[in-house]
>>> print(open('coords_13.csv').read())   # CSV, C-alpha atoms
chain,number,residue,atom,x,y,z
A,78,MET,CA,11.5,-34.2,50.2
A,79,ASP,CA,12.4,-31.1,52.1
A,80,LEU,CA,13.6,-32.2,55.5
A,81,PHE,CA,14.3,-28.7,56.6
A,82,GLN,CA,10.8,-28.1,58.1
A,83,ASP,CA,10.3,-31.5,59.4
A,84,THR,CA,13.0,-32.8,61.7
A,85,ASP,CA,13.6,-31.2,65.1
A,86,GLU,CA,17.3,-32.0,64.9
A,87,ARG,CA,17.7,-29.5,62.1
A,88,LYS,CA,15.9,-26.7,63.9
A,89,PRO,CA,18.4,-24.0,64.8
A,90,LEU,CA,18.5,-23.1,68.5
A,91,ILE,CA,18.4,-19.4,67.7
A,92,PRO,CA,15.8,-18.6,65.1
A,93,HIS,CA,17.2,-17.1,62.0
A,94,PRO,CA,16.7,-13.3,62.2
A,95,ASN,CA,15.1,-13.1,58.8
A,96,PRO,CA,13.0,-16.1,58.8
A,97,VAL,CA,11.9,-17.2,55.4
A,98,SER,CA,10.0,-20.4,55.3
A,99,LYS,CA,10.4,-21.2,51.7
A,100,PRO,CA,13.5,-21.1,49.5
A,101,PRO,CA,12.9,-19.0,46.3
A,102,ASN,CA,11.7,-20.7,43.1
A,103,GLY,CA,11.1,-24.0,44.9
A,104,THR,CA,14.8,-24.9,44.9
A,105,ASP,CA,16.2,-26.1,48.2
A,106,TRP,CA,18.8,-24.1,50.2
A,107,ILE,CA,22.2,-25.5,49.7
A,108,THR,CA,22.5,-26.7,53.2
A,109,THR,CA,19.5,-28.9,53.0
A,110,SER,CA,20.1,-30.3,49.5
A,111,VAL,CA,21.8,-33.4,50.9
A,112,PRO,CA,19.2,-35.8,52.1
A,113,SER,CA,21.2,-37.7,54.7
A,114,ALA,CA,21.9,-35.9,58.0
A,115,ARG,CA,24.9,-38.2,58.6
A,116,THR,CA,26.7,-37.2,55.4
A,117,ASP,CA,26.1,-33.6,56.1
A,118,GLU,CA,27.7,-33.9,59.5
A,119,GLN,CA,30.6,-35.7,57.9
A,120,ALA,CA,31.0,-32.8,55.4
A,121,LEU,CA,30.9,-30.3,58.3
A,122,LEU,CA,33.6,-32.2,60.2
A,123,THR,CA,35.8,-32.5,57.1
A,124,SER,CA,35.5,-28.7,56.5
A,125,ILE,CA,36.6,-28.1,60.1
A,126,LEU,CA,39.6,-30.3,59.7
A,127,THR,CA,40.6,-28.6,56.4
A,128,LYS,CA,40.3,-25.2,58.0
A,129,THR,CA,42.3,-26.2,61.0
A,130,ALA,CA,45.0,-27.8,58.8
A,131,GLN,CA,45.2,-24.5,56.8
A,132,ASN,CA,45.5,-22.3,59.9
A,133,ILE,CA,47.8,-24.3,62.1
A,134,ILE,CA,51.4,-25.1,61.4
A,135,ASP,CA,52.5,-28.4,62.8
A,136,VAL,CA,56.2,-28.0,63.5
A,137,SER,CA,56.7,-31.6,64.5
A,138,ALA,CA,55.5,-32.8,61.2
A,139,ALA,CA,58.0,-30.7,59.2
A,140,ASP,CA,61.0,-32.5,57.7
A,141,SER,CA,64.0,-31.9,59.9
A,142,VAL,CA,66.7,-29.9,58.1
A,143,MET,CA,70.1,-31.5,58.2
A,144,MET,CA,72.7,-28.8,58.8
A,145,GLU,CA,76.4,-28.9,59.5
A,146,GLN,CA,77.5,-27.7,62.9
A,147,HIS,CA,79.3,-24.7,61.5
A,148,GLU,CA,76.3,-23.8,59.3
A,149,TYR,CA,74.1,-23.9,62.4
A,150,MET,CA,76.6,-21.7,64.4
A,151,ASP,CA,76.7,-19.2,61.5
A,152,LYS,CA,73.0,-19.0,61.4
A,153,ALA,CA,72.7,-18.6,65.2
A,154,ARG,CA,75.3,-15.8,65.1
A,155,GLN,CA,73.5,-14.1,62.2
A,156,TYR,CA,70.2,-14.1,64.0
A,157,SER,CA,71.6,-12.8,67.2
A,158,THR,CA,73.4,-9.9,65.4
A,159,LYS,CA,70.2,-9.1,63.6
A,160,LEU,CA,68.3,-9.1,66.9
A,161,ALA,CA,70.8,-6.8,68.6
A,162,VAL,CA,70.5,-4.3,65.8
A,163,LEU,CA,66.7,-4.4,66.0
A,164,SER,CA,66.6,-4.1,69.8
A,165,ASN,CA,68.7,-0.9,69.6
A,166,SER,CA,66.4,0.8,67.2
A,167,LEU,CA,63.3,-0.1,69.3
A,168,PRO,CA,62.0,2.8,71.4
A,169,GLN,CA,63.3,3.0,75.0
A,170,LYS,CA,61.0,1.2,77.4
A,171,LYS,CA,60.7,4.2,79.7
A,172,ALA,CA,59.6,6.6,76.9
A,173,LEU,CA,58.0,8.7,79.6
A,174,THR,CA,61.1,10.1,81.3
A,175,LEU,CA,60.1,12.5,84.0
A,176,PRO,CA,60.1,16.1,82.7
A,177,SER,CA,62.2,18.4,84.8
A,178,LEU,CA,60.0,20.7,87.0
A,179,THR,CA,62.7,23.0,88.1
A,180,SER,CA,66.4,23.8,88.0
A,181,GLN,CA,66.3,24.9,91.6
A,182,PRO,CA,65.1,21.8,93.5
A,183,HIS,CA,66.5,23.0,96.9
A,184,GLN,CA,64.8,26.4,96.6
A,185,VAL,CA,61.5,24.9,95.5
A,186,LEU,CA,61.5,22.3,98.3
A,187,ALA,CA,62.5,24.9,101.0
A,188,SER,CA,59.7,27.4,100.0
A,189,ASP,CA,56.8,28.0,102.3
A,190,LEU,CA,54.3,25.2,102.6
A,191,VAL,CA,50.8,25.4,101.0
A,192,PRO,CA,48.8,27.8,103.2
A,193,TYR,CA,46.1,26.0,105.3
A,194,SER,CA,43.4,28.2,103.7
A,195,ASP,CA,44.3,27.0,100.2
A,196,VAL,CA,44.2,23.4,101.4
A,197,GLN,CA,40.8,24.0,102.9
A,198,GLN,CA,39.5,25.6,99.7
A,199,VAL,CA,40.7,22.7,97.5
A,200,SER,CA,39.2,20.2,99.9
A,201,LYS,CA,35.9,22.0,99.8
A,202,ILE,CA,35.9,22.1,96.0
A,203,ALA,CA,36.8,18.4,95.8
A,204,ALA,CA,33.9,17.6,98.2
A,205,TYR,CA,31.4,19.6,96.1
A,206,ALA,CA,32.7,17.8,92.9
A,207,TYR,CA,32.3,14.4,94.7
A,208,SER,CA,28.8,15.3,95.8
A,209,ALA,CA,27.8,16.4,92.3
A,210,ILE,CA,29.2,13.4,90.6
A,211,SER,CA,27.5,11.0,93.0
A,212,GLN,CA,24.2,12.6,92.0
A,213,ILE,CA,24.6,11.7,88.3
A,214,LYS,CA,22.0,9.1,87.4
A,215,VAL,CA,20.2,7.8,84.4
A,216,ASP,CA,16.8,9.3,83.8
A,217,ALA,CA,15.0,6.5,82.0
A,218,LYS,CA,12.2,7.8,79.9
A,219,GLU,CA,11.6,4.9,77.4
A,220,GLU,CA,12.2,1.2,77.1
A,221,LEU,CA,15.7,0.5,76.0
A,222,VAL,CA,14.9,-2.7,74.2
A,223,VAL,CA,11.9,-2.8,71.9
A,224,GLN,CA,10.4,-5.5,69.7
A,225,PHE,CA,9.9,-4.7,66.1
A,226,ALA,CA,6.5,-5.8,65.0
A,227,ILE,CA,5.8,-6.2,61.4
A,228,PRO,CA,2.1,-5.7,60.9
B,83,PRO,CA,72.6,10.3,106.2
B,84,VAL,CA,73.0,7.3,104.0
B,85,SER,CA,74.4,7.9,100.6
B,86,LEU,CA,73.8,4.7,98.6
B,87,LEU,CA,75.5,6.0,95.5
B,88,ALA,CA,78.8,6.5,97.3
B,89,GLN,CA,78.7,2.8,98.4
B,90,SER,CA,78.4,1.6,94.8
B,91,ASP,CA,81.1,1.7,92.3
B,92,THR,CA,79.1,3.8,89.8
B,93,GLY,CA,79.2,7.5,89.9
B,94,SER,CA,80.9,9.4,92.7
B,95,GLY,CA,80.3,10.4,96.3
B,96,PHE,CA,81.0,14.0,95.4
B,97,GLN,CA,78.0,14.1,93.1
B,98,THR,CA,75.6,12.8,95.7
B,99,ALA,CA,77.0,15.2,98.3
B,100,ALA,CA,76.1,18.1,95.9
B,101,LEU,CA,72.6,16.8,95.6
B,102,THR,CA,71.9,16.3,99.3
B,103,ALA,CA,73.9,19.3,100.7
B,104,GLY,CA,71.0,21.7,100.5
B,105,LEU,CA,68.3,19.2,101.6
B,106,ASP,CA,69.3,18.9,105.2
B,107,ARG,CA,69.3,22.6,105.6
B,108,ILE,CA,65.6,22.9,104.6
B,109,PRO,CA,63.6,24.3,107.5
B,110,ASP,CA,61.9,21.8,109.7
B,111,GLN,CA,62.9,18.9,107.5
B,112,LEU,CA,62.5,15.4,109.0
B,113,GLY,CA,64.1,13.4,106.3
B,114,TYR,CA,64.6,13.2,102.5
B,115,LEU,CA,65.0,10.9,99.5
B,116,VAL,CA,66.8,11.4,96.2
B,117,ILE,CA,65.5,9.0,93.6
B,118,SER,CA,66.5,8.2,90.0
B,119,GLU,CA,64.9,5.9,87.5
B,120,ASP,CA,67.3,3.2,88.8
B,121,GLY,CA,66.4,3.6,92.4
B,122,VAL,CA,67.1,5.5,95.6
B,123,LEU,CA,70.4,7.5,95.3
B,124,ALA,CA,70.3,9.0,98.8
B,125,SER,CA,68.1,8.9,101.9
B,126,ALA,CA,68.2,10.4,105.4
B,127,GLY,CA,66.3,11.0,108.6
B,128,GLU,CA,62.9,9.5,108.8
B,129,LEU,CA,63.1,8.5,105.2
B,130,GLU,CA,66.4,6.6,105.5
B,131,ASN,CA,66.2,3.4,103.5
B,132,ASP,CA,62.5,4.0,103.0
B,133,GLU,CA,62.1,2.3,99.6
B,134,HIS,CA,58.4,2.0,100.0
B,135,THR,CA,57.8,5.7,100.4
B,136,ALA,CA,60.2,6.2,97.5
B,137,GLY,CA,58.1,3.9,95.3
B,138,VAL,CA,54.8,5.6,96.2
B,139,MET,CA,56.2,9.1,95.6
B,140,MET,CA,57.7,8.1,92.3
B,141,GLN,CA,54.3,6.8,91.1
B,142,MET,CA,52.5,9.9,92.3
B,143,VAL,CA,54.9,12.3,90.7
B,144,ARG,CA,54.9,10.3,87.5
B,145,THR,CA,51.1,10.5,87.3
B,146,ALA,CA,51.0,14.2,88.2
B,147,SER,CA,53.7,15.0,85.6
B,148,ARG,CA,51.4,13.9,82.9
B,149,PHE,CA,48.8,16.6,83.7
B,150,ARG,CA,48.7,19.4,81.2
B,151,LEU,CA,46.7,22.6,81.2
B,152,ALA,CA,45.0,23.3,77.9
B,153,GLY,CA,47.4,24.4,75.2
B,154,SER,CA,50.5,23.8,77.3
B,155,ALA,CA,53.3,21.3,76.8
B,156,GLU,CA,54.8,21.6,80.3
B,157,PRO,CA,53.6,20.1,83.5
B,158,PRO,CA,51.7,22.9,85.3
B,159,PHE,CA,53.5,22.7,88.6
B,160,LYS,CA,56.9,23.0,90.2
B,161,ARG,CA,56.3,21.1,93.4
B,162,MET,CA,53.9,18.4,94.6
B,163,SER,CA,52.8,18.4,98.2
B,164,VAL,CA,51.4,15.4,99.9
B,165,ILE,CA,49.8,16.9,103.0
B,166,LEU,CA,49.1,14.8,106.0
B,167,GLU,CA,48.1,15.9,109.4
B,168,ASP,CA,51.4,16.3,111.1
B,169,PHE,CA,53.8,16.4,108.2
B,170,VAL,CA,54.1,17.1,104.5
B,171,TYR,CA,56.0,15.4,101.7
B,172,VAL,CA,57.2,18.0,99.2
B,173,VAL,CA,58.4,16.5,95.9
B,174,THR,CA,60.0,18.0,92.9
B,175,VAL,CA,61.9,16.7,89.8
B,176,SER,CA,65.1,18.2,88.6
B,177,GLY,CA,67.6,16.7,86.1
B,178,GLN,CA,66.1,13.2,85.9
B,179,LYS,CA,66.0,13.0,89.7
B,180,VAL,CA,63.1,13.1,92.1
B,181,PHE,CA,63.6,14.9,95.4
B,182,VAL,CA,61.3,14.1,98.3
B,183,VAL,CA,61.6,16.0,101.6
B,184,LYS,CA,59.5,15.2,104.6
B,185,ARG,CA,58.7,18.5,106.5
B,186,GLN,CA,56.9,19.4,109.7
B,187,ASN,CA,53.4,20.6,108.9
B,188,ASN,CA,53.3,24.1,110.4
B,189,GLN,CA,50.1,24.9,108.5
B,190,GLN,CA,47.5,23.8,111.0
B,191,GLU,CA,44.0,24.9,111.6
B,192,PRO,CA,44.2,28.4,113.2
B,193,ILE,CA,43.0,28.3,116.8
B,194,SER,CA,40.6,31.1,117.4
B,195,VAL,CA,40.7,32.4,121.0
>>> encode(input="coords_13.csv", output="structure tokens")
Amino acid sequence: MDLFQDTDERKPLIPHPNPVSKPPNGTDWITTSVPSARTDEQALLTSILTKTAQNIIDVSAADSVMMEQHEYMDKARQYSTKLAVLSNSLPQKKALTLPSLTSQPHQVLASDLVPYSDVQQVSKIAAYAYSAISQIKVDAKEELVVQFAIP
Amino acid sequence: PVSLLAQSDTGSGFQTAALTAGLDRIPDQLGYLVISEDGVLASAGELENDEHTAGVMMQMVRTASRFRLAGSAEPPFKRMSVILEDFVYVVTVSGQKVFVVKRQNNQQEPISV
């Protein structure tokens, strides 16, 4: 008996994108070969458990390693030395150090201020740019989402 | 003028004096800041102890320094001007230090008579 078509509890919430009502050659799909829904659910839960067990490391369950005090200290020192070596070879956090703009900062800063006409011109250009950008809009010509219909 | 570097035990007061000497002679200056990656090295006038303005200017000049004109590896400017109605902040970078000077804005709208 093929339960796939009959019971509502087996109907997927989202219809399969390529709906095929019958499996080929009369054989059942693998998922529906088990007659009992309960056993199937059990198998699903077991597979989830197995996957989780494979992907997660439970540190509390590991056997505790018995180590001498000096062994532990040696290891700690070894790790911290290694860490120090690695940190030094890492790129500096401020990789973008400011490039020098001039070798004459006092002269540059004391020079004449930007002329008012230049400031006006830049403001005008910026205003035009702002106006142009605010007029950008989508010109919808066709439907974006279409239904494929198979005749 | 406050020279913060001179108050700390790193560096020397002489170095800071060299940095700031020319700044207070800048025409119509109202104050200045000298900033390094570690913080404010010196400040004076209306910008004395103004960490907030220092922070803002650092961010602005850092952003502006990333601009490049096509085909060039250098920032395309020597000085950044933040122009407000009554005053202007002029900013430049030299030898890993950012210089900010607040100047009177003498470039006003010309009055036609």
>>> closest_atom_pairs(input="coords_13.csv", of="chain B", to="chain A", cutoff="9 Å", atoms="all atoms listed in the file", output="CSV")
residue,atom,partner,partner_atom,distance
B:Leu101,CA,A:His183,CA,8.8
B:Thr102,CA,A:His183,CA,8.9
B:Gly104,CA,A:His183,CA,5.9
B:Leu105,CA,A:His183,CA,6.3
B:Arg107,CA,A:Ala187,CA,8.5
B:Ile108,CA,A:Ala187,CA,5.2
B:Pro109,CA,A:Ala187,CA,6.6
B:Gln111,CA,A:Ala187,CA,8.9
B:Glu119,CA,A:Thr174,CA,8.4
B:Val143,CA,A:Leu175,CA,8.5
B:Arg144,CA,A:Leu175,CA,6.6
B:Ser147,CA,A:Leu175,CA,7.1
B:Arg148,CA,A:Leu175,CA,8.9
B:Glu156,CA,A:Pro176,CA,8.0
B:Pro157,CA,A:Leu178,CA,7.3
B:Pro158,CA,A:Leu178,CA,8.8
B:Phe159,CA,A:Leu178,CA,7.0
B:Lys160,CA,A:Leu178,CA,5.0
B:Arg161,CA,A:Val185,CA,6.8
B:Ser163,CA,A:Val191,CA,7.8
B:Ile165,CA,A:Val196,CA,8.7
B:Val170,CA,A:Leu190,CA,8.3
B:Val172,CA,A:Leu186,CA,6.1
B:Val173,CA,A:Leu186,CA,7.0
B:Thr174,CA,A:Pro182,CA,6.4
B:Val175,CA,A:Leu178,CA,5.2
B:Ser176,CA,A:Ser177,CA,4.8
B:Gly177,CA,A:Ser177,CA,5.8
B:Gln178,CA,A:Leu175,CA,6.3
B:Lys179,CA,A:Leu175,CA,8.2
B:Val180,CA,A:Leu175,CA,8.7
B:Phe181,CA,A:Pro182,CA,7.3
B:Val182,CA,A:Leu186,CA,8.2
B:Val183,CA,A:Leu186,CA,7.1
B:Arg185,CA,A:Leu190,CA,8.9
B:Asn187,CA,A:Leu190,CA,7.9
B:Asn188,CA,A:Leu190,CA,7.9
B:Gln189,CA,A:Tyr193,CA,5.2
B:Gln190,CA,A:Tyr193,CA,6.3
B:Glu191,CA,A:Tyr193,CA,6.7
B:Pro192,CA,A:Tyr193,CA,8.5
>>> atom_distance(input="coords_13.csv", atom1="CA of Glu130 (chain B)", atom2="CA of Lys184 (chain B)")
11.1 Å
>>> atom_distance(input="coords_13.csv", atom1="CA of Asp120 (chain B)", atom2="CA of Thr158 (chain A)")
27.5 Å
>>> axis_aligned_box(input="coords_13.csv", around="region 183-193 of chain B", padding_each_side="8 Å", output="AutoDock Vina command-line options")
--center_x 52.3 --center_y 21.8 --center_z 109.2 --size_x 34.6 --size_y 29.2 --size_z 31.2
>>> atom_distance(input="coords_13.csv", atom1="CA of Lys159 (chain A)", atom2="CA of Gln146 (chain A)")
20.0 Å
>>> decode(input="coords_13.csv", residues="region 103-158 of chain B", atoms="C-alpha atoms", output="compact mmCIF listing (two decimals), in the first residue's frame")
# COMPACT_ATOMS: atom_id res chain seq x y z
CA ALA B 103 55.98 76.65 17.10
CA GLY B 104 54.75 77.57 13.65
CA LEU B 105 51.08 76.90 14.38
CA ASP B 106 50.37 79.83 16.67
CA ARG B 107 51.90 82.17 14.09
CA ILE B 108 49.36 81.15 11.45
CA PRO B 109 47.29 84.19 10.45
CA ASP B 110 43.92 84.52 12.18
CA GLN B 111 44.28 81.18 13.96
CA LEU B 112 41.86 80.56 16.83
CA GLY B 113 43.37 77.31 18.11
CA TYR B 114 45.06 74.12 17.04
CA LEU B 115 45.47 70.39 17.68
CA VAL B 116 48.35 68.06 16.94
CA ILE B 117 47.17 64.46 16.94
CA SER B 118 48.97 61.14 16.60
CA GLU B 119 47.63 57.59 16.41
CA ASP B 120 47.94 57.45 20.20
CA GLY B 121 45.99 60.63 20.85
CA VAL B 122 46.29 64.38 21.20
CA LEU B 123 49.93 65.53 21.46
CA ALA B 124 49.24 69.23 21.80
CA SER B 125 46.29 71.60 21.83
CA ALA B 126 45.75 75.32 22.20
CA GLY B 127 43.27 78.17 21.99
CA GLU B 128 39.67 77.24 21.25
CA LEU B 129 40.76 73.65 20.61
CA GLU B 130 42.52 73.25 23.93
CA ASN B 131 41.70 69.78 25.33
CA ASP B 132 39.10 69.33 22.62
CA GLU B 133 39.29 65.54 22.29
CA HIS B 134 35.91 65.43 20.55
CA THR B 135 36.95 67.66 17.66
CA ALA B 136 40.22 65.73 17.48
CA GLY B 137 38.31 62.49 17.07
CA VAL B 138 36.03 63.87 14.40
CA MET B 139 38.91 65.40 12.42
CA MET B 140 40.88 62.15 12.61
CA GLN B 141 37.96 60.20 11.18
CA MET B 142 37.40 62.72 8.41
CA VAL B 143 41.03 62.89 7.34
CA ARG B 144 41.38 59.12 7.51
CA THR B 145 38.43 58.75 5.16
CA ALA B 146 39.62 61.51 2.84
CA SER B 147 43.13 60.01 2.73
CA ARG B 148 41.71 56.91 1.10
CA PHE B 149 40.50 58.78 -1.97
CA ARG B 150 42.58 58.23 -5.05
CA LEU B 151 42.34 59.76 -8.47
CA ALA B 152 42.43 57.24 -11.31
CA GLY B 153 45.89 55.79 -11.77
CA SER B 154 47.42 57.48 -8.75
CA ALA B 155 48.82 55.90 -5.59
CA GLU B 156 48.86 59.13 -3.57
CA PRO B 157 46.03 60.96 -1.86
CA PRO B 158 45.07 63.76 -4.24
